[in-house]
Each structure stands twice: as structure tokens, then as C-alpha cells.
Number of protein chains: 2
Amino acid sequence: MAGRPRTPDVLDALGRRIAAGELPPGSVLTLESLDLAYGVSRSVSREAVGVLTAMGLVTSRRRVGVTVSEPSAWNVFDPRLIRWRLDGPERDAQLVTLSELRAGFEPAAAALAATRADAAQAATMAAAVADMTVHARAQDLDAYLEADQRFHSTLLAASGNPMYAALAALVDEVLAGRTHHHLMPADPNPEAIEWHADVAAAVRRGAPADAEAAMRRIITEAQEAQAALAEAGTEGPDGS
Amino acid sequence: MAGRPRTPDVLDALGRRIAAGELPPGSVLTLESLDLAYGVSRSVSREAVGVLTAMGLVTSRRRVGVTVSEPSAWNVFDPRLIRWRLDGPERDAQLVTLSELRAGFEPAAAALAATRADAAQAATMAAAVADMTVHARAQDLDAYLEADQRFHSTLLAASGNPMYAALAALVDEVLAGRTHHHLMPADPNPEAIEWHADVAAAVRRGAPADAEAAMRRIITEAQEAQAALAEAGTEGPDGS
DNA sequence: AGCCGCAAATAAATCTGATCTTTGAGGAGC
DNA sequence: GCTCCTCAAAGATCAGATTTATTTGCGGCT
């Protein structure tokens, strides 16, 4: 009777509906309506709601039911919620939010990494930059994305701070979102790659201020490019 | 038979044991051992484990049991996990980690707030600074802490970025941790309060660079004071 | 006559116990 | 020595009994 686990399916479906705004804050559901709608047992609905409660998306009170919480109460750093919002209609807004956050913390992480990175991490970053150069010339955007993600993940891990390291998943999503959403030029800005090399070099020689400055340039360029392409895409569709 | 909800108790107890390192990564538990140890039914253990799984603290596989995950897989931004670690033996390390993170993002948030804060938010910040001044003179550390938290929460909310706003809980914990752990001088540094006023003024007149610089000074001072007191506390207990 | 407080009814979450499916391990056979 | 099969341990699910909290109606008080 207990076939494949169905809890993840219910959790995912329900989470997406909330993240997409289909179930606005204040909406009330009952466990009974859930296991009726999804054709599952009470325990399955109950556990899915339990996870959603842990994420701050809903609160569960007796005699009332399951109430969708205000977005301000949501655990916006939960990778699951980030994914849901990126897949929903709030995608652009979520990307802007994530980019702003990244602009805040990644230069600081670069400075820390310059103080704490070991030789292997510095080497990995240098190798990632080399790969970025190669794939940019070949105009292989997917491979470029992978090298870019590897660079930033290594940097964040090298900061020696577990919370910065955990933000690697967030940066991955931002980079992937830009590439997949065509918010990135076909062949990457050569200057941007050069700045990546600057960060790697600064980290290797232990120069926090230089690493931070170079990283800040990277992100500023990315935000400007993204804004320019977004504006061109929404306001003036004259690219053909 | 369904008395007071016991799931939160089990979740809390188990989470603390993992966060404290009492159950190191790789430890395996079974649901049966859990509901035996805590005197609860299977579903209670199961739901607690489900939440822990959502937090990345454990993975659950059939025939194996519940396995404690590596810390790198943990959702270190989950407020519950932060609280558990602050209450456990990792308290000092967690405070350092949080402070480093705060140093990264809060200046950026201040810059954003200077662009987006409305009049009410600017007024709230100014009022919080006034309260800080009063309570510092009265040497009322608890009231000072509350005003300090109000200042930073308002600033982060004024950034207009929900993820920065969500980090207010984190800043609250850092500030409370410093005060409660006696990592703060009996009467706060008057310069620090002055810098808070600078931030509020820069936000009100819409000067991002000034707000960011003043916020950076606040955090640098806090880190230096914290380091000095921590060193005095651990190495040279000559304060009496 | 209107309002406040108390108590019964009901709706919903919560817990319990049992059953089923999966899956890893060990042994037999090739 | 390798593959396949059998077996059992553990998690995942289901259906049902229980408790709690909100709501609503009634009675007494102002």
C-alpha cells in the first residue's frame, strides 16, 4: 500500500501554487481538502504541510485550517522556495532580488577568501578562469556557465565561512537564470573574464582589497548588462 | 489521545543534539529508536525527521535509517538551526560566522535603503537612534539592544529587498548574542551611536555612498570591540 | 432591550497502530 | 569469482480514534 513516496509530489505542487501566488496570503486550506485534491492519505498531506510550515509558508491552527502566511514570514533563503519562485511568474523579480543580494555579499566573500584560501582553491579558481576563456571563444554558453559557477563556488568555499559557502547555490541560480533566460550576451564580455582573473590572482597573493574591488567590478558589469538586455527585451523589440 | 503537540519537542531535542555535535555526521538512527527514546508514536518521529530533512540536517533512506548529513549540506540560514547553534557549544564560532556575513551584506543594504526608504522608515530609524542615545546614558543595555535591533530591522526592510529584510532575524541574533554574551562594553561607544545617526541621515537625504560608508564603520567597530573583549575574556581575565 | 459571559456543539488538526513496499545484504548456484 | 535470488529490516503509507479550539447559542446581568 506504500508505493513510491508521494509526499515530495504533494509538497512540490503545493509549494509552487503558493510561491506563484495562486494561493494568496490568508488563503485557508484543510488537510481533508488536500488529501482529497491530491488523492493521498492524511499523513501525506500532514507531512507536506509540516515542511511548508517549517519553511514559513503556512501556519496551521486547529479549527481554522492551514493558512498561507504573508511573504514577509517566508524563509526566502530556502533553496526549494528560491527554485519555486524562479519557475513561477515572479521569476524576473526574484532574479533582481538575488542579484542585489549577491552584489552585497560576494565582494566581502572575495576579501575573506584572499585571507584564507589554500593553494588548491587558488589553483581551482585559476583553472576555472582558463576554462571560461576557452569556452567564451568557442561561444559555448553552457560550458562557460559551468566554469563560471565553479569559479564562484570555489571562491565562496575558500572564504572559510560556511554561510558564504552555502550561498553558492544562490549564485549558481543567478548565473544559470541569466544564461537560460537570455539575459547574457552571446559572447561574454572579455573584460569580465579579465576581472575574474584579477580576483583569482588577488586571492592567490593574499590581497583582500584587490580581490574585493575586482569582484565588485564583475558584479557591477553583470548588473548593467542584465539591465540593458532586460530593457531591450521588454521595451524595444528591435533586435531582429 | 492526541494531547498537546509533541512534534515540536522531539524536533527541538533532536535538532539540538545534531547541532551540538552530539550526533556527528554519519550517525544513523532509526525511527523506531526515536519513538522509543522520546516515548512518542511513529508519525511524530516521522514528521520531526521530515522537517530535519527539509533543513538538510539528515537524509532518510530505506533499509538504512536516518543518517546525519555533513554540515556543508545544512541549511545554515534556517533560523531554527541558527538558534540551536547559538545555544550549543559552537556558540562563539557561530557568532563569528554571523558577524562576518553581516559585515558583507549590511553596508550594501544601507546603500539600497538610501535609494528606496520612505519618509516613515527614515523617521523610525531616527527615532531608534534617539532611543539608543537615551538608553546608553542610562546604561540600560536591554533597552539599548531593543533600539539597536529596531534600527537595523527598519534599515533592512527599507532596502526594499525581501531577502535583506529576512536577514533582520540574523542581525537580531548577532546583536542579542553580543549583549547577552557580554561581548559588549557596559556603556556603548558614543562614536558608534553617532555613526548610526550618520546612516539615518544619509538614508533620509538619499545618499547611498554615505550610508554604506557609515554602516561599514559601525560594523568594523563592532568587530574590533568584540575581538578585543573576546581576547580579554579568554586570555587575560584581569577585569576584576 | 441590549450586552456580556459561559457552555455545548462542531470542525479541524493531532496522534496512534498496523500494513505494505522497498532495498540492502548475504548466500546459493553457475 | 561473479551473478542472481531470497530474506528481512526499515521507512512510507493508510485508515481510524482523540483532543483541542473556535464558534454559536442560551441565559443572566446591566
# chains A, B, ... in the order shown; residues from 1 in each chain; ligands from 1

$ residues_around --residues "D:DA9" --least-positions-apart "3" --cutoff "10 Å" --atoms "only C-alpha atoms (C1' of nucleotides)" --output "list in words"
Arg62, Arg63, Val64 and Gly65 of chain B; DT23 and DG24 of chain C

$ write_last_selection --atoms "N, CA and C atoms (P, O5', C5', C4', C3', O3' and C1' of nucleotides)" --output "CSV table (one decimal), in the first residue's frame"
chain,number,residue,atom,x,y,z
B,62,ARG,N,15.6,4.1,2.9
B,62,ARG,CA,15.1,2.8,3.3
B,62,ARG,C,16.2,1.8,3.6
B,63,ARG,N,15.9,1.0,4.5
B,63,ARG,CA,16.8,-0.1,4.9
B,63,ARG,C,18.0,0.4,5.6
B,64,VAL,N,18.2,1.7,5.6
B,64,VAL,CA,19.4,2.3,6.2
B,64,VAL,C,19.0,3.0,7.5
B,65,GLY,N,18.0,3.8,7.4
B,65,GLY,CA,17.6,4.6,8.5
B,65,GLY,C,17.9,6.1,8.3
C,23,DT,P,13.9,1.6,-3.5
C,23,DT,O5',15.1,1.0,-2.7
C,23,DT,C5',15.2,1.2,-1.3
C,23,DT,C4',16.1,0.2,-0.7
C,23,DT,C3',17.2,-0.3,-1.6
C,23,DT,O3',18.4,-0.4,-0.9
C,23,DT,C1',16.1,-2.2,-0.8
C,24,DG,P,19.6,0.6,-1.1
C,24,DG,O5',20.9,0.0,-0.4
C,24,DG,C5',20.9,0.0,1.0
C,24,DG,C4',21.0,-1.4,1.6
C,24,DG,C3',22.3,-2.2,1.2
C,24,DG,O3',23.0,-2.5,2.4
C,24,DG,C1',20.4,-3.6,1.0

$ closest_atom_pairs --of "chain A" --to "chain C" --cutoff "12 Å" --atoms "only C-alpha atoms (C1' of nucleotides)" --output "Markdown table"
| residue | atom | partner | partner_atom | distance |
| --- | --- | --- | --- | --- |
| A:Met1 | CA | C:DC20 | C1' | 4.7 |
| A:Ala2 | CA | C:DC20 | C1' | 5.4 |
| A:Gly3 | CA | C:DT21 | C1' | 5.6 |
| A:Arg4 | CA | C:DT21 | C1' | 8.0 |
| A:Pro5 | CA | C:DT21 | C1' | 10.0 |
| A:Val28 | CA | C:DA12 | C1' | 11.8 |
| A:Leu29 | CA | C:DA12 | C1' | 10.5 |
| A:Thr30 | CA | C:DA12 | C1' | 7.5 |
| A:Leu31 | CA | C:DA13 | C1' | 8.1 |
| A:Glu32 | CA | C:DA12 | C1' | 8.8 |
| A:Ser33 | CA | C:DA12 | C1' | 11.2 |
| A:Arg42 | CA | C:DA13 | C1' | 10.6 |
| A:Ser43 | CA | C:DT14 | C1' | 10.5 |
| A:Ser45 | CA | C:DA13 | C1' | 11.6 |
| A:Arg46 | CA | C:DA13 | C1' | 9.1 |
| A:Glu47 | CA | C:DT14 | C1' | 11.9 |
| A:Val49 | CA | C:DA13 | C1' | 11.4 |
| A:Gly50 | CA | C:DA13 | C1' | 11.7 |
| A:Thr59 | CA | C:DA13 | C1' | 11.7 |
| A:Ser60 | CA | C:DA13 | C1' | 7.9 |
| A:Arg61 | CA | C:DA13 | C1' | 7.1 |
| A:Arg62 | CA | C:DA13 | C1' | 5.1 |
| A:Arg63 | CA | C:DA12 | C1' | 4.4 |
| A:Val64 | CA | C:DA12 | C1' | 6.6 |
| A:Gly65 | CA | C:DA12 | C1' | 6.3 |
| A:Val66 | CA | C:DA13 | C1' | 9.3 |

$ residues_around --residues "B:Thr179" --least-positions-apart "6" --cutoff "8 Å" --atoms "only C-alpha atoms (C1' of nucleotides)" --output "number ranges by chain"
B: 141-142, 145

$ write_last_selection --atoms "N, CA and C atoms" --output "short mmCIF file (atom, residue, chain, number, x, y, z; two decimals), in the first residue's frame"
data_model
loop_
_atom_site.label_atom_id
_atom_site.label_comp_id
_atom_site.auth_asym_id
_atom_site.auth_seq_id
_atom_site.Cartn_x
_atom_site.Cartn_y
_atom_site.Cartn_z
N LEU B 141 21.22 48.30 29.11
CA LEU B 141 21.69 47.55 27.95
C LEU B 141 20.55 46.86 27.20
N ASP B 142 19.56 46.36 27.92
CA ASP B 142 18.45 45.66 27.26
C ASP B 142 17.66 46.62 26.38
N LEU B 145 19.69 47.49 23.39
CA LEU B 145 19.65 46.40 22.41
C LEU B 145 18.38 46.47 21.57
#

$ atom_distance --atom1 "atom CA of B:Leu36" --atom2 "atom CA of A:Leu52"
26.6 Å

$ residues_around --residues "stretch 160-163 of chain A" --least-positions-apart "6" --cutoff "7 Å" --atoms "only C-alpha atoms (C1' of nucleotides)" --output "count of residues only"
3

$ select_by_dssp --residues "stretch 18-80 of chain B" --states "strand (DSSP E)" --output "PyMOL selection string"
chain B and resi 28-29+58-61+65-68

$ interface_residues --of "chain D" --to "chain A" --cutoff "7 Å" --atoms "only C-alpha atoms (C1' of nucleotides)" --output "MDAnalysis selection string"
chainID D and resid 12:14 21:22

$ closest_atom_pairs --of "chain A" --to "chain B" --cutoff "6 Å" --atoms "only C-alpha atoms" --output "JSON lines"
{"residue": "A:Glu47", "atom": "CA", "partner": "B:Glu47", "partner_atom": "CA", "distance": 6.0}
{"residue": "A:Val51", "atom": "CA", "partner": "B:Val51", "partner_atom": "CA", "distance": 5.5}
{"residue": "A:Gly104", "atom": "CA", "partner": "B:Phe105", "partner_atom": "CA", "distance": 4.7}
{"residue": "A:Phe105", "atom": "CA", "partner": "B:Gly104", "partner_atom": "CA", "distance": 4.7}
{"residue": "A:Ala108", "atom": "CA", "partner": "B:Gly104", "partner_atom": "CA", "distance": 4.9}

$ write_last_selection --atoms "N, CA and C atoms" --output "short mmCIF file (atom, residue, chain, number, x, y, z; two decimals), in the first residue's frame"
data_model
loop_
_atom_site.label_atom_id
_atom_site.label_comp_id
_atom_site.auth_asym_id
_atom_site.auth_seq_id
_atom_site.Cartn_x
_atom_site.Cartn_y
_atom_site.Cartn_z
N GLU A 47 2.37 15.67 6.42
CA GLU A 47 3.82 15.86 6.39
C GLU A 47 4.21 16.98 5.42
N VAL A 51 6.36 20.42 6.38
CA VAL A 51 7.55 21.00 5.75
C VAL A 51 7.27 22.44 5.35
N GLY A 104 25.82 42.43 -2.66
CA GLY A 104 26.18 42.77 -1.29
C GLY A 104 27.25 41.87 -0.73
N PHE A 105 27.07 40.57 -0.87
CA PHE A 105 27.95 39.70 -0.08
C PHE A 105 29.15 39.18 -0.84
N ALA A 108 32.58 40.90 -0.29
CA ALA A 108 33.08 40.63 1.06
C ALA A 108 33.65 39.22 1.15
#

$ atom_distance --atom1 "atom CA of A:Arg178" --atom2 "atom CA of A:His196"
17.4 Å

$ residues_around --residues "A:Gln226" --least-positions-apart "6" --cutoff "10 Å" --atoms "only C-alpha atoms (C1' of nucleotides)" --output "number ranges by chain"
A: 96, 99, 178, 182-185, 220, 232

$ residues_around --residues "A:Gly88" --least-positions-apart "5" --cutoff "12 Å" --atoms "only C-alpha atoms (C1' of nucleotides)" --output "PyMOL selection string"
chain A and resi 13+15-22+81-83+93-95

$ write_last_selection --atoms "N, CA and C atoms" --output "mmCIF file, in the first residue's frame"
data_model
loop_
_atom_site.group_PDB
_atom_site.id
_atom_site.type_symbol
_atom_site.label_atom_id
_atom_site.label_comp_id
_atom_site.auth_asym_id
_atom_site.auth_seq_id
_atom_site.Cartn_x
_atom_site.Cartn_y
_atom_site.Cartn_z
ATOM 1 N N ALA A 13 3.967 20.436 -5.483
ATOM 2 C CA ALA A 13 2.810 21.047 -6.128
ATOM 3 C C ALA A 13 2.245 22.177 -5.271
ATOM 4 N N GLY A 15 3.746 23.846 -2.824
ATOM 5 C CA GLY A 15 4.712 24.932 -2.702
ATOM 6 C C GLY A 15 4.699 25.835 -3.926
ATOM 7 N N ARG A 16 4.630 25.229 -5.078
ATOM 8 C CA ARG A 16 4.606 26.032 -6.302
ATOM 9 C C ARG A 16 3.357 26.895 -6.363
ATOM 10 N N ARG A 17 2.228 26.325 -5.969
ATOM 11 C CA ARG A 17 0.993 27.109 -6.032
ATOM 12 C C ARG A 17 1.070 28.309 -5.099
ATOM 13 N N ILE A 18 1.689 28.124 -3.938
ATOM 14 C CA ILE A 18 1.816 29.250 -3.020
ATOM 15 C C ILE A 18 2.820 30.264 -3.547
ATOM 16 N N ALA A 19 3.966 29.772 -3.997
ATOM 17 C CA ALA A 19 5.014 30.678 -4.475
ATOM 18 C C ALA A 19 4.543 31.467 -5.688
ATOM 19 N N ALA A 20 3.689 30.858 -6.501
ATOM 20 C CA ALA A 20 3.223 31.527 -7.713
ATOM 21 C C ALA A 20 2.135 32.545 -7.411
ATOM 22 N N GLY A 21 1.643 32.549 -6.182
ATOM 23 C CA GLY A 21 0.592 33.499 -5.846
ATOM 24 C C GLY A 21 -0.800 32.985 -6.151
ATOM 25 N N GLU A 22 -0.873 31.753 -6.620
ATOM 26 C CA GLU A 22 -2.178 31.168 -6.902
ATOM 27 C C GLU A 22 -2.987 31.006 -5.624
ATOM 28 N N LEU A 81 12.305 27.099 -2.013
ATOM 29 C CA LEU A 81 11.454 28.257 -2.285
ATOM 30 C C LEU A 81 12.048 29.102 -3.396
ATOM 31 N N ILE A 82 13.365 29.264 -3.393
ATOM 32 C CA ILE A 82 14.019 30.029 -4.459
ATOM 33 C C ILE A 82 13.733 29.386 -5.810
ATOM 34 N N ARG A 83 13.842 28.074 -5.858
ATOM 35 C CA ARG A 83 13.586 27.372 -7.108
ATOM 36 C C ARG A 83 12.148 27.561 -7.563
ATOM 37 N N ALA A 93 11.475 39.231 -10.937
ATOM 38 C CA ALA A 93 11.631 39.916 -9.661
ATOM 39 C C ALA A 93 12.583 39.152 -8.758
ATOM 40 N N GLN A 94 12.472 37.834 -8.762
ATOM 41 C CA GLN A 94 13.332 37.009 -7.924
ATOM 42 C C GLN A 94 14.783 37.131 -8.368
ATOM 43 N N LEU A 95 15.007 37.190 -9.670
ATOM 44 C CA LEU A 95 16.372 37.319 -10.172
ATOM 45 C C LEU A 95 16.979 38.663 -9.753
#

$ select_by_dssp --residues "stretch 6-223 of chain A" --states "helix (DSSP H, G or I)" --output "MDAnalysis selection string"
chainID A and resid 7:19 31:37 42:54 71:73 79:87 91:116 119:137 141:158 162:166 168:180 190:204 208:223
